[in-house]
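coords.cif follows; it contains mmCIF, C-alpha atoms.
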```
data_my_file
#
loop_
_atom_site.label_atom_id
_atom_site.label_comp_id
_atom_site.auth_asym_id
_atom_site.auth_seq_id
_atom_site.Cartn_x
_atom_site.Cartn_y
_atom_site.Cartn_z
CA MET U 584 0.00 0.00 0.00
CA SER U 585 1.36 3.41 -0.89
CA GLY U 586 0.34 6.81 -2.09
CA PHE U 587 -0.22 8.28 -5.55
CA GLU U 588 0.06 11.65 -7.20
CA LEU U 589 -2.25 13.42 -9.61
CA VAL U 590 -0.50 13.79 -12.96
CA GLY U 591 -3.37 14.94 -15.17
CA SER U 592 -6.94 16.21 -14.94
CA GLU U 593 -9.39 16.98 -17.74
CA THR U 594 -12.89 18.29 -17.18
CA LYS U 595 -15.04 17.05 -20.07
CA TRP U 596 -18.42 18.49 -19.05
CA ARG U 597 -19.68 21.02 -16.51
CA GLY U 598 -23.25 20.56 -15.30
CA ALA U 599 -25.34 22.70 -12.97
CA ILE U 600 -24.06 20.88 -9.86
CA ILE U 601 -21.41 18.36 -10.92
CA SER U 602 -18.56 18.25 -13.40
CA ALA U 603 -17.27 15.12 -15.11
CA GLY U 604 -14.02 14.10 -16.75
CA VAL U 605 -10.88 12.01 -16.43
CA GLN U 606 -7.94 12.12 -14.05
CA HIS U 607 -4.61 10.31 -14.27
CA PHE U 608 -2.63 9.25 -11.20
CA ARG U 609 0.90 7.86 -10.83
CA HIS U 610 1.40 5.28 -8.11
CA ALA U 611 4.62 4.75 -6.15
CA ASP U 612 5.39 1.68 -8.30
CA GLY U 613 5.38 3.90 -11.40
CA ALA U 614 2.06 2.67 -12.82
CA VAL U 615 -0.20 5.40 -14.21
CA VAL U 616 -3.96 4.79 -13.96
CA ALA U 617 -6.90 6.65 -15.57
CA ARG U 618 -10.08 7.21 -13.57
CA ASP U 619 -13.47 8.54 -14.60
CA LYS U 620 -14.12 11.45 -12.23
CA VAL U 621 -17.19 13.32 -11.06
CA TRP U 622 -16.60 16.48 -9.05
CA HIS U 623 -19.32 17.28 -6.50
CA PRO U 624 -19.32 20.05 -3.84
CA GLY U 625 -20.25 17.62 -1.02
CA ALA U 626 -23.26 17.80 1.28
CA ALA U 627 -24.39 18.04 4.89
CA ALA U 628 -27.20 15.94 6.36
CA VAL U 629 -29.11 15.94 9.65
CA LEU U 630 -30.64 13.15 11.72
CA PRO U 631 -33.27 15.08 13.73
CA VAL U 632 -34.58 13.06 16.69
CA ASP U 633 -37.02 13.93 19.48
CA ASP U 634 -38.48 11.69 22.19
CA THR U 635 -40.89 9.94 19.85
CA HIS U 636 -39.93 10.57 16.23
CA VAL U 637 -37.17 10.93 13.67
CA TRP U 638 -37.95 13.71 11.20
CA LEU U 639 -37.68 12.71 7.55
CA THR U 640 -38.65 14.05 4.14
CA ARG U 641 -40.17 12.37 1.13
CA GLN U 642 -39.41 13.77 -2.31
CA PRO U 643 -39.00 12.72 -5.93
CA ARG U 644 -35.45 11.83 -7.01
CA GLU U 645 -35.73 11.94 -10.75
CA ALA U 646 -32.13 10.95 -11.63
CA ALA U 647 -32.47 7.74 -9.58
CA GLY U 648 -35.97 7.04 -10.93
CA MET U 649 -37.69 7.36 -7.54
CA ALA U 650 -41.09 8.99 -7.21
CA ALA U 651 -40.89 9.25 -3.40
CA SER U 652 -37.50 8.89 -1.73
CA LEU U 653 -37.58 8.80 2.10
CA GLU U 654 -34.60 10.81 3.39
CA ILE U 655 -33.07 12.68 6.27
CA PRO U 656 -32.87 16.46 5.62
CA ALA U 657 -29.76 17.39 3.64
CA GLY U 658 -28.33 19.93 1.27
CA LYS U 659 -25.35 20.49 -0.96
CA LEU U 660 -22.42 22.60 0.24
CA ASP U 661 -23.19 25.16 -2.43
CA ILE U 662 -22.48 28.34 -0.44
CA PRO U 663 -18.75 29.07 -0.74
CA GLY U 664 -17.04 28.93 2.64
CA GLU U 665 -20.06 27.58 4.51
CA ALA U 666 -19.03 24.90 7.01
CA PRO U 667 -20.87 21.54 6.86
CA LEU U 668 -22.42 22.08 10.31
CA ALA U 669 -23.78 25.51 9.35
CA CYS U 670 -25.22 23.99 6.17
CA ALA U 671 -26.84 21.20 8.20
CA GLN U 672 -28.41 23.76 10.57
CA ARG U 673 -29.76 25.76 7.63
CA GLU U 674 -31.23 22.65 6.00
CA LEU U 675 -32.93 21.52 9.23
CA ALA U 676 -34.70 24.88 9.41
CA GLU U 677 -35.59 25.11 5.71
CA GLU U 678 -36.65 21.49 5.14
CA ILE U 679 -38.26 20.56 8.47
CA GLY U 680 -38.88 23.93 10.12
CA LYS U 681 -36.87 23.02 13.22
CA ARG U 682 -33.91 24.24 15.22
CA ALA U 683 -31.86 22.02 17.51
CA ALA U 684 -30.26 22.79 20.88
CA HIS U 685 -27.71 19.97 20.58
CA TRP U 686 -25.61 18.96 17.59
CA GLU U 687 -23.41 15.86 17.50
CA ASP U 688 -20.92 15.09 14.73
CA LEU U 689 -22.13 11.63 13.74
CA ARG U 690 -19.80 10.72 10.88
CA ALA U 691 -18.85 11.46 7.28
CA PHE U 692 -18.71 9.17 4.24
CA TYR U 693 -18.07 9.14 0.50
CA THR U 694 -21.06 8.18 -1.64
CA SER U 695 -19.16 6.40 -4.44
CA VAL U 696 -15.39 6.12 -3.98
CA GLY U 697 -14.71 4.63 -7.40
CA PHE U 698 -15.41 7.76 -9.43
CA CYS U 699 -16.74 10.60 -7.26
CA ASP U 700 -15.40 12.98 -4.59
CA GLU U 701 -18.81 13.63 -3.00
CA ARG U 702 -18.43 13.52 0.79
CA ILE U 703 -21.48 13.81 3.10
CA TRP U 704 -21.21 14.97 6.72
CA ILE U 705 -24.01 13.67 9.00
CA TYR U 706 -25.04 15.35 12.27
CA LEU U 707 -27.37 14.18 15.03
CA ALA U 708 -29.71 17.02 16.03
CA THR U 709 -31.63 16.83 19.32
CA GLY U 710 -33.42 19.29 21.57
CA LEU U 711 -35.69 20.26 18.66
CA SER U 712 -37.93 23.33 18.61
CA ASP U 713 -39.98 25.06 15.93
CA ALA U 714 -38.22 27.61 13.71
CA ASP U 715 -41.26 29.74 13.09
CA ASP U 716 -39.37 32.53 11.33
CA VAL U 717 -38.01 30.37 8.50
CA GLU U 718 -39.86 29.84 5.24
CA LEU U 719 -40.23 26.13 4.58
CA GLU U 720 -39.04 24.75 1.24
CA ALA U 721 -42.10 22.50 1.41
CA ASP U 722 -44.29 25.60 1.23
CA GLU U 723 -42.65 26.57 -2.06
CA ASP U 724 -42.29 23.06 -3.49
CA GLU U 725 -45.28 20.82 -2.92
CA ARG U 726 -43.16 17.87 -3.99
CA ILE U 727 -41.26 17.91 -0.67
CA GLU U 728 -43.22 16.31 2.18
CA ILE U 729 -42.25 16.34 5.88
CA VAL U 730 -42.53 12.88 7.43
CA PRO U 731 -42.30 12.45 11.22
CA TRP U 732 -41.50 8.74 11.59
CA PRO U 733 -42.14 6.92 14.92
CA LEU U 734 -38.94 5.81 16.65
CA ASP U 735 -40.75 2.61 17.58
CA ASP U 736 -40.69 1.67 13.89
CA LEU U 737 -37.13 2.57 12.93
CA ASP U 738 -36.81 -0.75 11.10
CA GLY U 739 -39.74 0.27 8.93
CA ALA U 740 -37.93 3.44 7.88
CA ILE U 741 -34.69 1.53 7.24
CA ALA U 742 -36.62 -0.82 4.95
CA ALA U 743 -38.48 2.03 3.24
CA THR U 744 -35.43 4.02 2.10
CA GLU U 745 -32.69 3.27 -0.42
CA ASP U 746 -30.83 6.58 0.04
CA SER U 747 -27.23 6.05 1.24
CA LYS U 748 -27.06 8.88 3.79
CA THR U 749 -30.45 7.92 5.22
CA VAL U 750 -29.64 4.20 5.48
CA ILE U 751 -26.40 5.07 7.30
CA ALA U 752 -28.01 7.55 9.70
CA LEU U 753 -30.94 5.27 10.57
CA LEU U 754 -28.78 2.15 11.02
CA TRP U 755 -26.51 4.21 13.30
CA LEU U 756 -29.53 5.32 15.34
CA ALA U 757 -30.94 1.78 15.54
CA LEU U 758 -27.55 0.51 16.72
CA ARG U 759 -27.29 3.16 19.42
CA ARG U 760 -30.80 2.33 20.62
CA ALA U 761 -30.13 -1.43 20.57
CA ARG U 762 -27.01 -0.96 22.69
CA ASP U 763 -28.78 1.41 25.07
CA GLY U 764 -31.55 -1.15 25.39
CA GLY U 765 -33.87 1.48 23.84
CA MET K 1355 -46.59 13.36 -3.93
CA SER K 1356 -46.93 12.11 -7.48
CA GLY K 1357 -44.96 10.72 -10.36
CA PHE K 1358 -43.01 12.26 -13.21
CA GLU K 1359 -42.14 11.40 -16.78
CA LEU K 1360 -38.86 11.67 -18.64
CA VAL K 1361 -39.24 14.24 -21.43
CA GLY K 1362 -35.62 14.67 -22.54
CA SER K 1363 -32.21 13.08 -22.10
CA GLU K 1364 -28.84 14.28 -23.40
CA THR K 1365 -25.58 12.43 -22.83
CA LYS K 1366 -22.81 15.04 -22.77
CA TRP K 1367 -19.82 12.77 -22.10
CA ARG K 1368 -19.12 9.03 -22.11
CA GLY K 1369 -16.31 7.82 -19.84
CA ALA K 1370 -14.86 4.35 -19.41
CA ILE K 1371 -17.43 3.41 -16.75
CA ILE K 1372 -19.91 6.26 -16.40
CA SER K 1373 -21.69 8.67 -18.70
CA ALA K 1374 -22.81 12.18 -17.76
CA GLY K 1375 -25.39 14.60 -19.06
CA VAL K 1376 -28.75 16.23 -18.43
CA GLN K 1377 -32.28 14.87 -18.19
CA HIS K 1378 -35.58 16.75 -18.14
CA PHE K 1379 -38.65 15.49 -16.29
CA ARG K 1380 -42.25 16.68 -16.26
CA HIS K 1381 -44.13 16.38 -12.99
CA ALA K 1382 -47.86 15.80 -12.62
CA ASP K 1383 -48.32 19.51 -11.78
CA GLY K 1384 -46.84 20.40 -15.19
CA ALA K 1385 -43.50 21.68 -13.90
CA VAL K 1386 -40.48 20.60 -15.94
CA VAL K 1387 -37.20 20.17 -14.04
CA ALA K 1388 -33.64 19.68 -15.32
CA ARG K 1389 -31.31 17.29 -13.49
CA ASP K 1390 -27.59 16.63 -13.89
CA LYS K 1391 -27.34 12.89 -14.49
CA VAL K 1392 -24.60 10.31 -14.17
CA TRP K 1393 -25.33 6.86 -15.61
CA HIS K 1394 -23.58 3.98 -13.81
CA PRO K 1395 -24.04 0.22 -14.38
CA GLY K 1396 -24.58 -0.49 -10.67
CA ALA K 1397 -22.57 -2.82 -8.44
CA ALA K 1398 -22.77 -5.87 -6.19
CA ALA K 1399 -21.04 -6.10 -2.80
CA VAL K 1400 -20.45 -8.89 -0.29
CA LEU K 1401 -20.24 -8.91 3.50
CA PRO K 1402 -18.19 -12.10 4.12
CA VAL K 1403 -18.36 -13.22 7.74
CA ASP K 1404 -16.96 -16.28 9.52
CA ASP K 1405 -16.92 -17.13 13.24
CA THR K 1406 -14.19 -14.65 14.08
CA HIS K 1407 -13.68 -12.17 11.23
CA VAL K 1408 -15.27 -10.03 8.56
CA TRP K 1409 -13.21 -10.10 5.34
CA LEU K 1410 -12.36 -6.68 3.94
CA THR K 1411 -10.04 -5.15 1.37
CA ARG K 1412 -7.87 -2.07 1.47
CA GLN K 1413 -7.13 -0.27 -1.78
CA PRO K 1414 -6.41 3.18 -3.18
CA ARG K 1415 -9.45 5.16 -4.37
CA GLU K 1416 -7.87 7.86 -6.47
CA ALA K 1417 -11.05 9.74 -7.47
CA ALA K 1418 -11.97 10.22 -3.80
CA GLY K 1419 -8.38 11.08 -2.81
CA MET K 1420 -7.96 8.05 -0.52
CA ALA K 1421 -4.65 6.18 -0.37
CA ALA K 1422 -6.13 3.21 1.51
CA SER K 1423 -9.91 2.74 1.53
CA LEU K 1424 -11.20 -0.07 3.77
CA GLU K 1425 -14.06 -1.83 1.95
CA ILE K 1426 -16.16 -4.94 1.63
CA PRO K 1427 -15.49 -6.84 -1.63
CA ALA K 1428 -17.49 -5.43 -4.54
CA GLY K 1429 -17.55 -5.03 -8.26
CA LYS K 1430 -19.43 -3.21 -10.98
CA LEU K 1431 -22.19 -4.98 -12.92
CA ASP K 1432 -20.10 -4.76 -16.07
CA ILE K 1433 -20.93 -8.16 -17.59
CA PRO K 1434 -24.16 -7.78 -19.61
CA GLY K 1435 -26.92 -9.93 -18.20
CA GLU K 1436 -25.03 -10.98 -15.07
CA ALA K 1437 -27.30 -10.95 -12.01
CA PRO K 1438 -26.12 -9.01 -8.94
CA LEU K 1439 -25.81 -12.21 -6.86
CA ALA K 1440 -23.62 -13.89 -9.49
CA CYS K 1441 -21.46 -10.78 -9.63
CA ALA K 1442 -21.14 -10.80 -5.83
CA GLN K 1443 -20.11 -14.47 -5.87
CA ARG K 1444 -17.48 -13.78 -8.53
CA GLU K 1445 -16.09 -10.81 -6.61
CA LEU K 1446 -15.85 -12.78 -3.36
CA ALA K 1447 -13.70 -15.38 -5.14
CA GLU K 1448 -11.56 -12.91 -7.08
CA GLU K 1449 -11.00 -10.33 -4.34
CA ILE K 1450 -10.83 -12.49 -1.20
CA GLY K 1451 -10.27 -15.99 -2.57
CA LYS K 1452 -13.35 -17.40 -0.85
CA ARG K 1453 -16.59 -19.17 -1.68
CA ALA K 1454 -19.65 -19.12 0.56
CA ALA K 1455 -22.18 -21.87 1.29
CA HIS K 1456 -24.90 -19.41 2.35
CA TRP K 1457 -25.97 -16.16 0.68
CA GLU K 1458 -28.48 -13.74 2.19
CA ASP K 1459 -29.93 -10.76 0.34
CA LEU K 1460 -29.05 -8.01 2.79
CA ARG K 1461 -30.37 -4.90 1.04
CA ALA K 1462 -29.82 -2.50 -1.87
CA PHE K 1463 -29.27 1.25 -1.93
CA TYR K 1464 -28.55 4.18 -4.23
CA THR K 1465 -25.20 5.90 -3.66
CA SER K 1466 -26.27 9.45 -4.57
CA VAL K 1467 -29.95 9.91 -5.43
CA GLY K 1468 -29.62 13.57 -6.48
CA PHE K 1469 -27.75 12.95 -9.71
CA CYS K 1470 -26.82 9.28 -10.15
CA ASP K 1471 -28.59 5.98 -10.90
CA GLU K 1472 -25.89 3.80 -9.30
CA ARG K 1473 -27.57 1.09 -7.20
CA ILE K 1474 -25.54 -1.33 -5.05
CA TRP K 1475 -26.86 -4.73 -3.97
CA ILE K 1476 -25.30 -6.09 -0.74
CA TYR K 1477 -25.24 -9.78 0.21
CA LEU K 1478 -24.23 -11.48 3.44
CA ALA K 1479 -21.95 -14.46 2.72
CA THR K 1480 -21.37 -17.13 5.38
CA GLY K 1481 -20.08 -20.68 5.43
CA LEU K 1482 -16.82 -19.50 3.86
CA SER K 1483 -14.23 -21.82 2.31
CA ASP K 1484 -11.11 -21.24 0.24
CA ALA K 1485 -11.52 -20.91 -3.55
CA ASP K 1486 -8.12 -22.33 -4.43
CA ASP K 1487 -8.77 -22.48 -8.17
CA VAL K 1488 -9.41 -18.75 -8.62
CA GLU K 1489 -6.66 -16.27 -9.40
CA LEU K 1490 -6.71 -13.47 -6.87
CA GLU K 1491 -6.87 -9.89 -8.12
CA ALA K 1492 -4.49 -9.08 -5.27
CA ASP K 1493 -1.87 -11.30 -6.94
CA GLU K 1494 -2.05 -9.16 -10.08
CA ASP K 1495 -2.48 -5.80 -8.37
CA GLU K 1496 -0.29 -5.29 -5.33
CA ARG K 1497 -2.37 -2.24 -4.47
CA ILE K 1498 -5.29 -4.44 -3.30
CA GLU K 1499 -4.76 -5.88 0.17
CA ILE K 1500 -6.95 -8.53 1.89
CA VAL K 1501 -7.83 -7.50 5.47
CA PRO K 1502 -9.42 -10.04 7.84
CA TRP K 1503 -10.93 -7.78 10.53
CA PRO K 1504 -11.81 -9.23 14.00
CA LEU K 1505 -15.56 -9.26 14.68
CA ASP K 1506 -14.74 -8.22 18.25
CA ASP K 1507 -13.65 -4.85 16.83
CA LEU K 1508 -16.46 -4.10 14.38
CA ASP K 1509 -16.65 -0.55 15.74
CA GLY K 1510 -13.02 -0.08 14.76
CA ALA K 1511 -13.79 -1.03 11.16
CA ILE K 1512 -16.88 1.22 11.09
CA ALA K 1513 -14.69 4.12 12.26
CA ALA K 1514 -11.90 3.27 9.80
CA THR K 1515 -13.99 3.36 6.60
CA GLU K 1516 -15.76 6.19 4.78
CA ASP K 1517 -17.07 4.04 1.91
CA SER K 1518 -20.88 4.07 1.72
CA LYS K 1519 -21.46 0.36 0.97
CA THR K 1520 -19.00 -0.65 3.69
CA VAL K 1521 -20.46 1.68 6.33
CA ILE K 1522 -23.95 0.31 5.56
CA ALA K 1523 -22.88 -3.36 5.63
CA LEU K 1524 -20.87 -3.03 8.85
CA LEU K 1525 -23.55 -1.02 10.67
CA TRP K 1526 -26.09 -3.66 9.62
CA LEU K 1527 -23.84 -6.41 11.02
CA ALA K 1528 -23.21 -4.52 14.26
CA LEU K 1529 -26.95 -4.01 14.69
CA ARG K 1530 -27.69 -7.70 14.12
CA ARG K 1531 -25.02 -8.66 16.66
CA ALA K 1532 -26.25 -6.10 19.20
CA ARG K 1533 -29.80 -7.45 18.95
CA ASP K 1534 -28.60 -11.06 19.15
CA GLY K 1535 -26.58 -10.12 22.23
CA GLY K 1536 -23.47 -11.02 20.20
#
```
Please express the file's structure as structure tokens.
Amino acid sequence: MSGFELVGSETKWRGAIISAGVQHFRHADGAVVARDKVWHPGAAAVLPVDDTHVWLTRQPREAAGMAASLEIPAGKLDIPGEAPLACAQRELAEEIGKRAAHWEDLRAFYTSVGFCDERIWIYLATGLSDADDVELEADEDERIEIVPWPLDDLDGAIAATEDSKTVIALLWLALRRARDGG
Amino acid sequence: MSGFELVGSETKWRGAIISAGVQHFRHADGAVVARDKVWHPGAAAVLPVDDTHVWLTRQPREAAGMAASLEIPAGKLDIPGEAPLACAQRELAEEIGKRAAHWEDLRAFYTSVGFCDERIWIYLATGLSDADDVELEADEDERIEIVPWPLDDLDGAIAATEDSKTVIALLWLALRRARDGG
């Protein structure tokens, strides 16, 4: 196992959110490899939990062919210089209409390590209260639905989603509850 | 919540593995939305577990900037017509040098629902035995390392990886063990 260095990078297409192209890397053993590459700004996601519910959204995900994807609130890091935690706090307010008194850095992960640099930071948000002064995205976009899901049926939510960040956050929560005897 | 229909699709670039472009969708309310789109063939992954270890790999993931990514064995669905389970069985033999007597359909997920159609099927493989007749990829590529990880330290593996399929598979295993009192 050893490192590698970037020896070439060509952007072939720039979309609204992502760019795509090819990068070449030289490994310590001299071998040069080519990799398809998608550049993505990254994202922040929130697992909002109160005493009885986890707060989710349901929305169409056209690119993945899903009419109603069950997800934790999240947003792209599309404001230059905004830290992932600040983005997560903004998304919790805009998507769910909540603020949180307590924020815990849950973990980060890469969505697809073979070709993409998208990294998602996940935070646990507790001590929830209503953010009455924030305009909800759901009010502007009737295709986003807020879904309070009972903690007693976490397994149902885990089975009902196929979204990577949501599967990870809900499995993490189920594991914590199993170990706490919750 | 309602459905949508695809009304336009333009491939802007074709890479070795992925393609990228733009798709347009019309929702039931008449709104037409544009989405960046990455086409990916999908992948199959295996969680190989024996009485004492989970079998992982460590390899460079250049596109994500990782020198040594800890992962469950996996491979793209790049053979036309090959079912995900058959792909998983092939990858277990080629990456880890094992066969499995028992296969359990663990779950599937989408890596990044906002722009990509990549879906990964994960299988639990138990009843492991050596596949002596298969040439290991690690023998051809010294950058792939086989890593038997002690089940007693699953939390260590969960903390040591940032790969979506691996985080999901290991959290799932930790949850099953926590509920079984294991």
One decimal, in Å: what's the spacing between CA of Ala1418 in chain K and CA of Arg759 in chain U?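 Separation between CA of Ala1418 in chain K and CA of Arg759 in chain U: 28.7 Å.
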Practice problem: Enter the distance from CA of Ala1479 in chain K to CA of Asp1404 in chain K, in Å, rounded to one decimal. | Solution: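 About the pair CA of Ala1479 in chain K and CA of Asp1404 in chain K: they are 8.6 Å apart.
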Self-check item: Expected selection from the PyMOL selection byres ((chain U and resi 645) around 12), given as a count of residues only
Solution: 37
Item to check | CA of Pro624 in chain U to CA of Ala676 in chain U, distance in Å rounded to a single decimal | outcome: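 The value is 20.9 Å.
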Report task. Rank nothing, just name the residue among U:Phe692, U:Trp622, U:Trp638, U:Trp704 nearest to chain K, using all atoms listed in the file. Result ->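 Closest candidate: U:Phe692.
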> Pick the closest to chain U from K:Trp1503, K:Tyr1464, K:Tyr1477, K:Trp1457: which is it, counting all atoms listed in the file?
Replying inline: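 Among the listed residues, the smallest separation from chain U belongs to K:Tyr1464.
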With all atoms listed in the file as the counted atoms, please give the residues lying no more than 12 Å from Leu1482 in chain K, apart from itself and same-chain residues fewer than 4 positions off, as a list in words. Val1400, Leu1401, Pro1402, Val1403, Asp1404, Asp1405, Thr1406, His1407, Val1408, Trp1409, Gln1443, Leu1446, Ala1447, Ile1450, Gly1451, Lys1452, Arg1453, Ala1454, Ala1455, His1456, Trp1457 and Leu1478 of chain K
Expected residue set, 7 Å radius at (-25.4, -9.2, -6.4), only C-alpha atoms, as a PyMOL selection string
chain K and resi 1398-1399+1437-1442+1475-1477
Mind writing the picked residues with C-alpha atoms as a PDB file, keeping the file's coordinate frame?
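So again_31.pdb came out as:
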```pdb
ATOM      1  CA  ALA K1398     -22.770  -5.870  -6.190  1.00  0.00           C
ATOM      2  CA  ALA K1399     -21.040  -6.100  -2.800  1.00  0.00           C
ATOM      3  CA  ALA K1437     -27.300 -10.950 -12.010  1.00  0.00           C
ATOM      4  CA  PRO K1438     -26.120  -9.010  -8.940  1.00  0.00           C
ATOM      5  CA  LEU K1439     -25.810 -12.210  -6.860  1.00  0.00           C
ATOM      6  CA  ALA K1440     -23.620 -13.890  -9.490  1.00  0.00           C
ATOM      7  CA  CYS K1441     -21.460 -10.780  -9.630  1.00  0.00           C
ATOM      8  CA  ALA K1442     -21.140 -10.800  -5.830  1.00  0.00           C
ATOM      9  CA  TRP K1475     -26.860  -4.730  -3.970  1.00  0.00           C
ATOM     10  CA  ILE K1476     -25.300  -6.090  -0.740  1.00  0.00           C
ATOM     11  CA  TYR K1477     -25.240  -9.780   0.210  1.00  0.00           C
TER      12      TYR K1477
END
```
Residue by residue, what does the PyMOL selection byres ((chain K and resi 1508-1518) around 7) grab here? Present the result as a PyMOL selection string. (chain U and resi 691-696+747) or (chain K and resi 1423-1425+1504-1507+1519-1522+1524+1528)
In terms of only C-alpha atoms, the residue from K:Gly1369, K:Ala1523, K:Ile1500, K:Glu1448 at minimal distance from Asp1487 in chain K is K:Glu1448
message: I need the residue nearest chain U from this list: K:Leu1490, K:Ala1428, K:Ala1370, K:Leu1460. Use only C-alpha atoms for the distance.
response: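 Between K:Leu1490, K:Ala1428, K:Ala1370, K:Leu1460, the residue approaching chain U most closely is K:Ala1370.
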One residue among U:Arg702, U:Thr640, U:Glu665, U:Ile655 is nearest to His623 in chain U when using all atoms listed in the file, and that residue is U:Arg702
Calculate, to one decimal in Å, the centre and edge lengths of the box along x, y and z of the file that holds all listed atoms of range 734-743 of chain U with 8 Å of margin on each side, and present them as JSON.
```
{"center_x": -37.7, "center_y": 2.5, "center_z": 10.4, "size_x": 22.1, "size_y": 22.6, "size_z": 30.3}
```
